[in-house]
>>> print(open('upload.tsv').read())   # TSV, C-alpha atoms and all ligand atoms
chain	number	residue	atom	x	y	z
X	3	MET	CA	0.00	0.00	0.00
X	4	THR	CA	1.37	3.39	-0.94
X	5	MET	CA	-0.57	5.63	1.40
X	6	ASN	CA	1.57	8.26	3.03
X	7	MET	CA	1.21	7.37	6.70
X	8	ARG	CA	1.66	10.97	7.81
X	9	SER	CA	-1.44	12.08	5.95
X	10	GLN	CA	-4.95	10.83	6.54
X	11	ALA	CA	-7.96	10.84	4.30
X	12	VAL	CA	-11.70	11.29	4.62
X	13	LEU	CA	-14.43	10.30	2.22
X	14	ALA	CA	-17.39	12.70	2.21
X	15	TYR	CA	-20.64	11.96	0.36
X	16	CYS	CA	-22.54	14.89	-1.15
X	17	ARG	CA	-25.29	15.72	-3.62
X	18	ALA	CA	-24.08	15.31	-7.23
X	19	GLY	CA	-23.15	18.72	-8.62
X	20	PHE	CA	-22.07	20.07	-5.22
X	21	GLU	CA	-18.58	18.52	-5.13
X	22	ALA	CA	-16.94	21.92	-5.82
X	23	ASP	CA	-18.87	23.49	-2.94
X	24	LEU	CA	-17.78	20.74	-0.56
X	25	ALA	CA	-14.20	21.10	-1.83
X	26	ALA	CA	-14.38	24.87	-1.21
X	27	GLU	CA	-15.54	24.13	2.31
X	28	PHE	CA	-12.59	21.79	2.96
X	29	ARG	CA	-10.16	24.36	1.49
X	30	ASP	CA	-11.61	27.05	3.72
X	31	ARG	CA	-10.67	24.82	6.67
X	32	GLY	CA	-7.06	24.44	5.56
X	33	VAL	CA	-7.31	21.13	3.67
X	34	THR	CA	-5.57	21.57	0.33
X	35	SER	CA	-5.39	18.05	-1.11
X	36	ILE	CA	-8.87	17.38	-2.44
X	37	GLU	CA	-10.00	14.88	-5.04
X	38	PRO	CA	-13.60	15.51	-6.13
X	39	GLY	CA	-15.52	12.55	-7.56
X	40	ALA	CA	-19.14	12.45	-8.74
X	41	GLY	CA	-21.29	12.58	-5.60
X	42	PHE	CA	-18.30	12.48	-3.24
X	43	VAL	CA	-15.00	14.11	-2.33
X	44	VAL	CA	-11.80	12.58	-0.90
X	45	ALA	CA	-9.82	15.03	1.23
X	46	ARG	CA	-6.31	14.37	2.55
X	47	ALA	CA	-4.30	16.21	5.18
X	48	GLY	CA	-2.14	15.68	8.23
X	49	PRO	CA	-4.06	14.35	11.24
X	50	ARG	CA	-4.06	17.69	13.10
X	51	VAL	CA	-5.37	19.69	10.12
X	52	LEU	CA	-8.03	17.06	9.42
X	53	GLU	CA	-9.15	16.85	13.04
X	54	THR	CA	-9.53	20.64	13.21
X	55	ALA	CA	-11.30	20.71	9.83
X	56	LEU	CA	-13.90	18.19	11.00
X	57	ARG	CA	-14.59	19.73	14.42
X	58	ARG	CA	-17.51	21.69	12.94
X	59	GLU	CA	-20.00	19.92	10.65
X	60	LEU	CA	-19.70	20.53	6.92
X	61	THR	CA	-22.67	22.10	5.14
X	62	PHE	CA	-22.37	20.17	1.88
X	63	ALA	CA	-21.39	16.70	3.23
X	64	ARG	CA	-24.08	14.11	3.87
X	65	THR	CA	-21.70	11.65	5.55
X	66	VAL	CA	-18.02	11.97	6.46
X	67	LEU	CA	-15.95	8.80	6.97
X	68	ARG	CA	-12.28	8.19	7.73
X	69	CYS	CA	-11.00	6.33	4.68
X	70	HIS	CA	-7.87	4.77	3.24
X	71	GLY	CA	-6.09	7.20	0.91
X	72	ASP	CA	-5.77	4.70	-1.94
X	73	ALA	CA	-8.54	3.26	-4.09
X	74	ILE	CA	-8.65	-0.48	-4.88
X	75	PRO	CA	-8.86	-1.37	-8.60
X	76	LEU	CA	-11.58	-3.96	-9.28
X	77	SER	CA	-10.76	-4.97	-12.83
X	78	GLY	CA	-11.80	-8.64	-12.86
X	79	ASN	CA	-15.08	-10.37	-12.02
X	80	ASP	CA	-13.90	-11.18	-8.51
X	81	ARG	CA	-14.52	-8.07	-6.42
X	82	VAL	CA	-14.42	-9.85	-3.06
X	83	SER	CA	-10.76	-10.99	-3.00
X	84	PRO	CA	-9.09	-7.62	-3.73
X	85	VAL	CA	-11.36	-5.81	-1.25
X	86	CYS	CA	-10.71	-8.42	1.44
X	87	SER	CA	-6.94	-8.53	1.10
X	88	PHE	CA	-6.78	-4.71	1.15
X	89	ALA	CA	-9.18	-4.48	4.11
X	90	GLN	CA	-7.33	-7.11	6.06
X	91	THR	CA	-4.00	-5.27	5.73
X	92	TRP	CA	-5.56	-1.89	6.56
X	93	LEU	CA	-7.47	-3.13	9.60
X	94	ARG	CA	-4.34	-4.90	10.96
X	95	GLU	CA	-2.21	-1.76	10.41
X	96	GLU	CA	-4.80	0.19	12.35
X	97	GLY	CA	-4.95	-2.37	15.15
X	98	VAL	CA	-8.62	-3.12	14.39
X	99	ALA	CA	-9.19	-6.77	15.33
X	100	ALA	CA	-12.96	-6.84	14.80
X	101	ILE	CA	-15.65	-5.01	12.87
X	102	SER	CA	-19.37	-4.62	13.54
X	103	GLY	CA	-20.22	-5.33	9.90
X	104	VAL	CA	-19.64	-4.52	6.25
X	105	ARG	CA	-21.67	-1.91	4.39
X	106	VAL	CA	-21.34	-1.63	0.61
X	107	GLU	CA	-22.24	1.88	-0.57
X	108	PHE	CA	-22.16	3.88	-3.80
X	109	PRO	CA	-22.43	7.53	-4.90
X	110	ASP	CA	-25.89	9.11	-5.25
X	111	THR	CA	-25.64	9.47	-9.05
X	112	ASN	CA	-27.38	7.51	-11.82
X	113	GLU	CA	-24.17	5.57	-12.56
X	114	GLY	CA	-23.56	5.03	-8.87
X	115	LYS	CA	-27.07	3.74	-8.24
X	116	ALA	CA	-26.67	1.22	-11.08
X	117	GLN	CA	-24.45	-0.70	-8.67
X	118	SER	CA	-27.15	-1.10	-6.03
X	119	ARG	CA	-27.78	-4.73	-7.04
X	120	LEU	CA	-24.22	-5.56	-5.92
X	121	VAL	CA	-24.95	-4.62	-2.31
X	122	GLU	CA	-26.85	-7.76	-1.36
X	123	ILE	CA	-24.34	-9.97	-3.15
X	124	LEU	CA	-21.14	-8.39	-1.88
X	125	GLU	CA	-21.92	-7.53	1.74
X	126	PRO	CA	-22.31	-11.11	3.03
X	127	ARG	CA	-19.44	-12.40	0.89
X	128	ILE	CA	-16.95	-9.76	2.05
X	129	ALA	CA	-18.04	-10.19	5.68
X	130	HIS	CA	-17.67	-13.98	5.40
X	131	ALA	CA	-14.23	-13.73	3.74
X	132	LEU	CA	-12.96	-11.33	6.43
X	133	ARG	CA	-14.19	-13.63	9.20
X	134	ALA	CA	-12.36	-16.52	7.51
X	135	GLU	CA	-9.19	-14.39	7.64
X	136	GLY	CA	-9.57	-13.91	11.39
X	137	ILE	CA	-11.25	-10.46	11.54
X	138	GLY	CA	-13.64	-10.78	14.47
X	139	SER	CA	-17.21	-9.56	14.80
X	140	ASP	CA	-18.19	-7.18	17.61
X	141	ALA	CA	-21.21	-4.85	17.74
X	142	ASN	CA	-19.06	-2.14	19.39
X	143	ALA	CA	-16.32	-2.28	16.75
X	144	PRO	CA	-16.11	0.03	13.68
X	145	LEU	CA	-18.29	-0.59	10.65
X	146	LEU	CA	-16.31	-1.20	7.43
X	147	HIS	CA	-17.66	0.79	4.45
X	148	VAL	CA	-16.85	-0.41	0.94
X	149	PHE	CA	-17.60	2.49	-1.39
X	150	LEU	CA	-17.97	1.40	-5.03
X	151	THR	CA	-17.58	3.97	-7.78
X	152	PRO	CA	-18.66	3.41	-11.43
X	153	ASP	CA	-15.01	3.50	-12.62
X	154	ARG	CA	-14.58	0.07	-10.98
X	155	LEU	CA	-12.72	1.33	-7.95
X	156	ALA	CA	-13.51	0.63	-4.31
X	157	ARG	CA	-12.60	2.82	-1.39
X	158	LEU	CA	-12.50	1.52	2.16
X	159	ALA	CA	-13.69	3.62	5.06
X	160	GLN	CA	-14.54	3.12	8.72
X	161	SER	CA	-17.13	4.63	10.98
X	162	VAL	CA	-17.21	4.49	14.74
X	163	ALA	CA	-19.81	2.00	16.03
X	164	GLY	CA	-23.29	3.53	16.03
X	165	SER	CA	-22.33	6.66	14.06
X	166	ALA	CA	-22.40	5.37	10.49
X	167	GLY	CA	-25.40	7.51	9.57
X	168	TRP	CA	-27.83	6.61	6.82
X	169	ARG	CA	-26.78	4.13	4.12
X	170	ASN	CA	-25.26	6.16	1.23
X	171	GLY	CA	-26.06	9.24	3.34
X	172	ILE	CA	-29.72	8.98	2.28
X	173	PRO	CA	-32.61	9.00	4.78
X	174	ARG	CA	-35.61	6.85	3.97
X	175	LEU	CA	-38.58	8.99	5.02
X	176	ARG	CA	-42.12	7.95	4.24
X	177	MET	CA	-44.28	10.58	2.52
X	178	PRO	CA	-47.24	11.12	4.90
X	179	ALA	CA	-50.44	10.58	2.88
X	180	ALA	CA	-52.22	13.55	4.52
X	181	ALA	CA	-49.44	16.09	3.94
X	182	PRO	CA	-50.27	18.62	1.18
X	183	SER	CA	-46.81	18.75	-0.47
X	184	ARG	CA	-43.60	16.76	-0.82
X	185	SER	CA	-41.80	19.74	0.79
X	186	THR	CA	-43.04	18.28	4.06
X	187	LEU	CA	-40.14	15.79	3.84
X	188	LYS	CA	-37.61	18.66	3.91
X	189	LEU	CA	-38.83	19.80	7.32
X	190	ALA	CA	-39.21	16.21	8.55
X	191	GLU	CA	-35.56	15.58	7.64
X	192	ALA	CA	-34.45	18.90	9.16
X	193	PHE	CA	-36.12	17.91	12.45
X	194	GLN	CA	-34.30	14.57	12.42
X	195	VAL	CA	-30.90	16.01	11.48
X	196	PHE	CA	-30.97	19.09	13.71
X	197	LEU	CA	-32.99	17.93	16.71
X	198	GLY	CA	-32.02	14.23	16.84
X	199	ASP	CA	-32.92	12.68	20.20
X	200	GLY	CA	-34.09	16.09	21.48
X	201	ILE	CA	-37.05	16.16	19.08
X	202	GLU	CA	-39.69	15.47	21.77
X	203	ARG	CA	-38.40	18.37	23.92
X	204	ALA	CA	-38.09	20.73	20.96
X	205	LEU	CA	-41.57	20.10	19.50
X	206	ARG	CA	-44.27	19.92	22.18
X	207	PRO	CA	-48.05	20.18	21.85
X	208	ASP	CA	-48.13	23.41	23.94
X	209	MET	CA	-45.93	25.22	21.40
X	210	ARG	CA	-46.65	27.80	18.70
X	211	ALA	CA	-45.04	28.26	15.31
X	212	VAL	CA	-45.07	30.79	12.49
X	213	ASP	CA	-44.62	29.43	8.95
X	214	LEU	CA	-43.52	32.14	6.46
X	215	GLY	CA	-44.27	31.11	2.87
X	216	ALA	CA	-46.47	28.27	4.10
X	217	ALA	CA	-48.58	27.29	1.06
X	218	PRO	CA	-49.64	24.64	0.19
X	219	GLY	CA	-48.75	23.62	3.75
X	220	GLY	CA	-46.23	20.77	3.92
X	221	TRP	CA	-44.19	22.43	6.68
X	222	THR	CA	-47.30	23.57	8.57
X	223	TRP	CA	-48.51	19.96	8.45
X	224	GLN	CA	-45.30	18.77	10.16
X	225	PHE	CA	-46.04	21.04	13.12
X	226	ILE	CA	-49.74	20.30	13.52
X	227	SER	CA	-49.09	16.56	13.28
X	228	ARG	CA	-47.05	17.07	16.47
X	229	GLY	CA	-49.76	19.17	18.12
X	230	VAL	CA	-47.99	22.54	17.54
X	231	ARG	CA	-50.36	25.40	16.54
X	232	VAL	CA	-49.32	27.34	13.44
X	233	MET	CA	-49.78	30.83	12.05
X	234	ALA	CA	-49.38	30.19	8.31
X	235	ILE	CA	-48.36	33.26	6.29
X	236	ASP	CA	-48.81	33.14	2.51
X	237	ASN	CA	-50.90	34.81	-0.18
X	238	GLY	CA	-51.35	31.39	-1.73
X	239	ASP	CA	-53.89	28.74	-0.67
X	240	LEU	CA	-53.34	26.02	1.89
X	241	LYS	CA	-54.50	22.61	0.78
X	242	GLY	CA	-56.11	19.42	2.05
X	243	ASP	CA	-56.56	18.93	5.82
X	244	LEU	CA	-55.12	22.38	6.53
X	245	VAL	CA	-58.11	24.30	5.16
X	246	ASP	CA	-60.40	25.21	8.10
X	247	ASN	CA	-58.13	23.37	10.52
X	248	ALA	CA	-58.49	24.62	14.12
X	249	MET	CA	-54.73	24.25	14.67
X	250	VAL	CA	-53.90	26.61	11.78
X	251	LYS	CA	-54.50	30.32	11.35
X	252	HIS	CA	-53.89	31.36	7.73
X	253	LEU	CA	-52.92	35.01	7.11
X	254	ARG	CA	-52.68	36.20	3.52
X	255	MET	CA	-49.84	38.71	3.72
X	256	ASP	CA	-46.18	39.37	2.96
X	257	GLY	CA	-43.93	37.20	5.15
X	258	PHE	CA	-41.32	39.98	5.28
X	259	ARG	CA	-43.84	42.35	6.86
X	260	PHE	CA	-45.41	39.99	9.36
X	261	GLU	CA	-44.58	40.67	13.03
X	262	PRO	CA	-45.86	38.37	15.79
X	263	LYS	CA	-47.88	39.99	18.62
X	264	GLN	CA	-46.24	37.60	21.08
X	265	ALA	CA	-43.00	35.64	20.86
X	266	VAL	CA	-43.44	32.10	19.50
X	267	ASP	CA	-41.41	28.92	19.88
X	268	TRP	CA	-40.67	28.38	16.18
X	269	MET	CA	-40.42	30.46	13.03
X	270	VAL	CA	-39.87	28.51	9.82
X	271	CYS	CA	-39.36	30.02	6.39
X	272	ASP	CA	-39.45	28.41	2.95
X	273	MET	CA	-40.09	31.54	0.86
X	274	VAL	CA	-38.36	31.58	-2.53
X	275	GLU	CA	-36.17	34.66	-2.18
X	276	LYS	CA	-32.53	35.75	-2.31
X	277	PRO	CA	-30.60	33.98	0.47
X	278	SER	CA	-29.26	37.29	1.81
X	279	ARG	CA	-32.84	38.57	2.28
X	280	ILE	CA	-33.88	35.39	4.09
X	281	ALA	CA	-30.79	35.58	6.34
X	282	GLN	CA	-31.63	39.19	7.23
X	283	LEU	CA	-35.21	38.19	8.01
X	284	VAL	CA	-34.08	35.34	10.28
X	285	ALA	CA	-31.54	37.69	11.89
X	286	ARG	CA	-34.33	40.21	12.65
X	287	TRP	CA	-36.50	37.53	14.25
X	288	MET	CA	-33.63	36.26	16.38
X	289	GLU	CA	-32.31	39.70	17.39
X	290	ARG	CA	-35.79	40.75	18.52
X	291	GLN	CA	-36.27	37.33	20.10
X	292	TRP	CA	-39.61	36.87	18.34
X	293	CYS	CA	-38.91	33.11	18.37
X	294	THR	CA	-36.71	30.64	20.22
X	295	ALA	CA	-35.78	28.60	17.17
X	296	SER	CA	-35.94	28.88	13.41
X	297	ILE	CA	-35.54	26.52	10.48
X	298	PHE	CA	-35.10	28.26	7.13
X	299	ASN	CA	-34.35	27.27	3.58
X	300	LEU	CA	-31.77	29.17	1.50
X	301	LYS	CA	-32.19	28.79	-2.29
X	302	LEU	CA	-28.81	28.81	-4.03
X	303	PRO	CA	-29.12	29.45	-7.78
X	304	MET	CA	-25.73	31.26	-7.85
X	305	LYS	CA	-22.26	29.82	-8.65
X	306	LYS	CA	-20.37	30.57	-5.42
X	307	ARG	CA	-22.73	28.68	-3.16
X	308	PHE	CA	-20.33	28.01	-0.28
X	309	GLU	CA	-19.41	31.71	-0.02
X	310	GLU	CA	-23.09	32.69	-0.08
X	311	VAL	CA	-23.92	30.25	2.71
X	312	GLU	CA	-21.09	31.58	4.86
X	313	LYS	CA	-22.29	35.17	4.38
X	314	CYS	CA	-25.77	34.13	5.54
X	315	ARG	CA	-24.32	32.25	8.52
X	316	THR	CA	-22.43	35.39	9.56
X	317	VAL	CA	-25.53	37.61	9.32
X	318	VAL	CA	-27.66	35.28	11.48
X	319	SER	CA	-24.87	34.56	13.98
X	320	ALA	CA	-24.08	38.27	14.47
X	321	ALA	CA	-27.71	39.00	15.30
X	322	MET	CA	-27.87	36.18	17.83
X	323	GLU	CA	-24.51	37.15	19.35
X	324	ALA	CA	-25.93	40.64	19.97
X	325	THR	CA	-28.58	39.19	22.31
X	326	GLY	CA	-25.94	37.89	24.74
X	327	ARG	CA	-27.73	34.52	24.85
X	328	ARG	CA	-26.25	31.09	24.08
X	329	TYR	CA	-27.17	29.99	20.58
X	330	GLU	CA	-26.34	27.72	17.68
X	331	VAL	CA	-26.49	28.21	13.93
X	332	ARG	CA	-26.23	25.12	11.72
X	333	ILE	CA	-26.60	24.94	7.95
X	334	ARG	CA	-26.76	21.66	6.04
X	335	GLN	CA	-27.63	20.51	2.59
X	336	LEU	CA	-30.20	17.86	3.41
X	337	TYR	CA	-31.00	14.94	1.15
X	338	HIS	CA	-34.37	16.54	0.29
X	339	ASP	CA	-32.69	19.86	-0.57
X	340	ARG	CA	-32.01	20.39	-4.26
X	341	GLU	CA	-30.30	23.70	-5.24
X	342	GLU	CA	-30.67	24.82	-1.64
X	343	VAL	CA	-29.58	24.30	1.96
X	344	THR	CA	-31.47	24.31	5.24
X	345	GLY	CA	-30.49	26.25	8.35
X	346	LEU	CA	-31.25	25.99	12.04
X	347	ALA	CA	-30.86	28.98	14.37
X	348	ARG	CA	-31.84	28.52	17.99
X	349	PHE	CA	-31.22	29.89	21.42
X	350	LEU	CA	-29.91	27.33	23.89
X	351	PRO	CA	-30.78	26.99	27.56
X	352	ARG	CA	-28.36	28.75	29.91
X	353	ALA	CA	-25.50	26.41	30.91
X	354	SER	CA	-26.14	25.08	34.43
X	355	ARG	CA	-23.58	25.94	37.14
X	356	ASN	CA	-22.74	22.26	37.44
X	357	GLY	CA	-21.94	22.20	33.73
J	1	LIG	C1	-41.56	26.59	-1.78
J	1	LIG	S1	-43.14	27.21	-1.44
J	1	LIG	C2	-43.39	26.72	0.22
J	1	LIG	C3	-43.75	25.28	0.36
J	1	LIG	C4	-44.15	24.93	1.78
J	1	LIG	N1	-43.04	25.01	2.69
J	1	LIG	C5	-44.75	23.56	1.85
J	1	LIG	O1	-44.17	22.70	2.53
J	1	LIG	O2	-45.81	23.31	1.26
J	1	LIG	C6	-42.86	28.90	-1.27
J	1	LIG	C7	-44.06	29.71	-0.84
J	1	LIG	O3	-43.59	30.99	-0.43
J	1	LIG	C8	-44.59	31.92	-0.73
J	1	LIG	N2	-43.98	33.26	-0.72
J	1	LIG	C9	-43.01	33.75	-1.52
J	1	LIG	N3	-42.72	35.03	-1.18
J	1	LIG	C10	-43.52	35.32	-0.14
J	1	LIG	C11	-43.71	36.48	0.65
J	1	LIG	N4	-42.99	37.58	0.47
J	1	LIG	N5	-44.62	36.43	1.66
J	1	LIG	C12	-45.35	35.32	1.89
J	1	LIG	N6	-45.23	34.19	1.16
J	1	LIG	C13	-44.32	34.19	0.15
J	1	LIG	C14	-45.13	31.48	-2.07
J	1	LIG	O4	-46.45	31.98	-2.26
J	1	LIG	C15	-45.08	29.96	-1.94
J	1	LIG	O5	-46.34	29.45	-1.55
>>> encode(input="upload.tsv", output="structure tokens", more="lines below")
Ligand SMILES: C[S@@+](CC[C@H](N)C(=O)[O-])C[C@H]1O[C@@H](n2cnc3c(N)ncnc32)[C@H](O)[C@@H]1O
Amino acid sequence: MTMNMRSQAVLAYCRAGFEADLAAEFRDRGVTSIEPGAGFVVARAGPRVLETALRRELTFARTVLRCHGDAIPLSGNDRVSPVCSFAQTWLREEGVAAISGVRVEFPDTNEGKAQSRLVEILEPRIAHALRAEGIGSDANAPLLHVFLTPDRLARLAQSVAGSAGWRNGIPRLRMPAAAPSRSTLKLAEAFQVFLGDGIERALRPDMRAVDLGAAPGGWTWQFISRGVRVMAIDNGDLKGDLVDNAMVKHLRMDGFRFEPKQAVDWMVCDMVEKPSRIAQLVARWMERQWCTASIFNLKLPMKKRFEEVEKCRTVVSAAMEATGRRYEVRIRQLYHDREEVTGLARFLPRASRNG
């Protein structure tokens, strides 16, 4: 193996077409050796640079895995043997005696997805071959990822037990039959990604939300299905169950002009507007503390998408900083986001004296 032992590598999955944005993000964090693929990026750097680069989540990465710096050529029909002999050497070098399993993955592109039929064939065979070579099985050990690209290369990566994320970085969310638009999945995913285990605390039936640019109502539906009352702002019509729903008050007006009479728990915004205008709107809501938390979508039709996102992050963060309260701002390109990203801005409870 020719990998330079002083440098390490990470494999980051992303939406196809956003490799340059993810690369720009890595470069901004001091990582200069970047190899963009289709639907993924491999970034290499010394361990200190890489550790610092990954301390904060990346906007454009769906999954980030520590990987081997070299790709394995899979020229013949036998894919199992080359993967196994490479994996065996790598795991031994790393002092990994057992793995929790093998996951075969591929890029989220048409060519990448064409390999999906290999998953069921290869996973058990690679796992079996590694066991035969003495690699143990332990639920608390790392998961071995075998990432297959259409150019007949495989890359090996590891994730810490329990933190592998979704297969291929793609969540499988069911479209709720009663929701009026597919956009509902964007907010459902944002809740999962941003709130995680804290979802029950963050979305309670006694809460109130404002939805700016609500029609036809997919985001509003996410709130009312959790018992949260919604003020839905949009000149357009709400659809389905949301019309004449006691949990929803629909106001036909400009979302940029709306001001709540009382502070609410949530403000969400999916209006199609320039990202800088949306960031200023969110900043105004947070600075005036009209809400405790906000989820907002930033449409990115421009070329320099990473730079635009960072400008928006700065605008929202500065407004929250000015309040003197603890807060977080996170921006991610979710699976259900197309030419867009989704942000979370929220105030955090005061840190307790006992930490
Ligand atoms: C992408 S759609 C929202 C979809 C919605 N989140 C859902 O899940 O069904 C954008 C909406 O923003 C509304 N909109 C755009 N500009 C607006 C403004 N200035 N004030 C209020 N609504 C606006 C549009 O009428 C449109 O219904």
>>> closest_residue(input="upload.tsv", among="X:Asp267, X:Asp213, X:Glu59, X:Glu309", to="ligand LIG 1 (chain J)", atoms="only C-alpha atoms and all ligand atoms")
X:Asp213
>>> residues_near_ligand(input="upload.tsv", ligand="ligand LIG 1 (chain J)", cutoff="10 Å", atoms="all atoms listed in the file", output="VMD selection string")
chain X and resid 181 to 189 213 to 224 234 to 241 253 to 260 270 to 275 298 to 299 301
>>> residues_around(input="upload.tsv", residues="Glu312 (chain X)", least_positions_apart="4", cutoff="12 Å", atoms="all atoms listed in the file", output="ChimeraX atom specification")
/X:23,26-27,30,60-62,277-278,281,300,306-308,316-319,331-334,343,345
>>> closest_residue(input="upload.tsv", among="X:Lys115, X:Ile123, X:Arg94, X:Ser161", to="Ile137 (chain X)", atoms="only C-alpha atoms")
X:Arg94
>>> closest_residue(input="upload.tsv", among="X:Arg46, X:Arg119, X:Arg328, X:Arg68", to="Val162 (chain X)", atoms="all atoms listed in the file")
X:Arg68
>>> atom_distance(input="upload.tsv", atom1="CA of Leu120 (chain X)", atom2="CA of Arg133 (chain X)")
19.9 Å
>>> closest_residue(input="upload.tsv", among="X:Cys16, X:Met233, X:Ala63, X:Ala295", to="Phe196 (chain X)", atoms="only C-alpha atoms")
X:Ala295
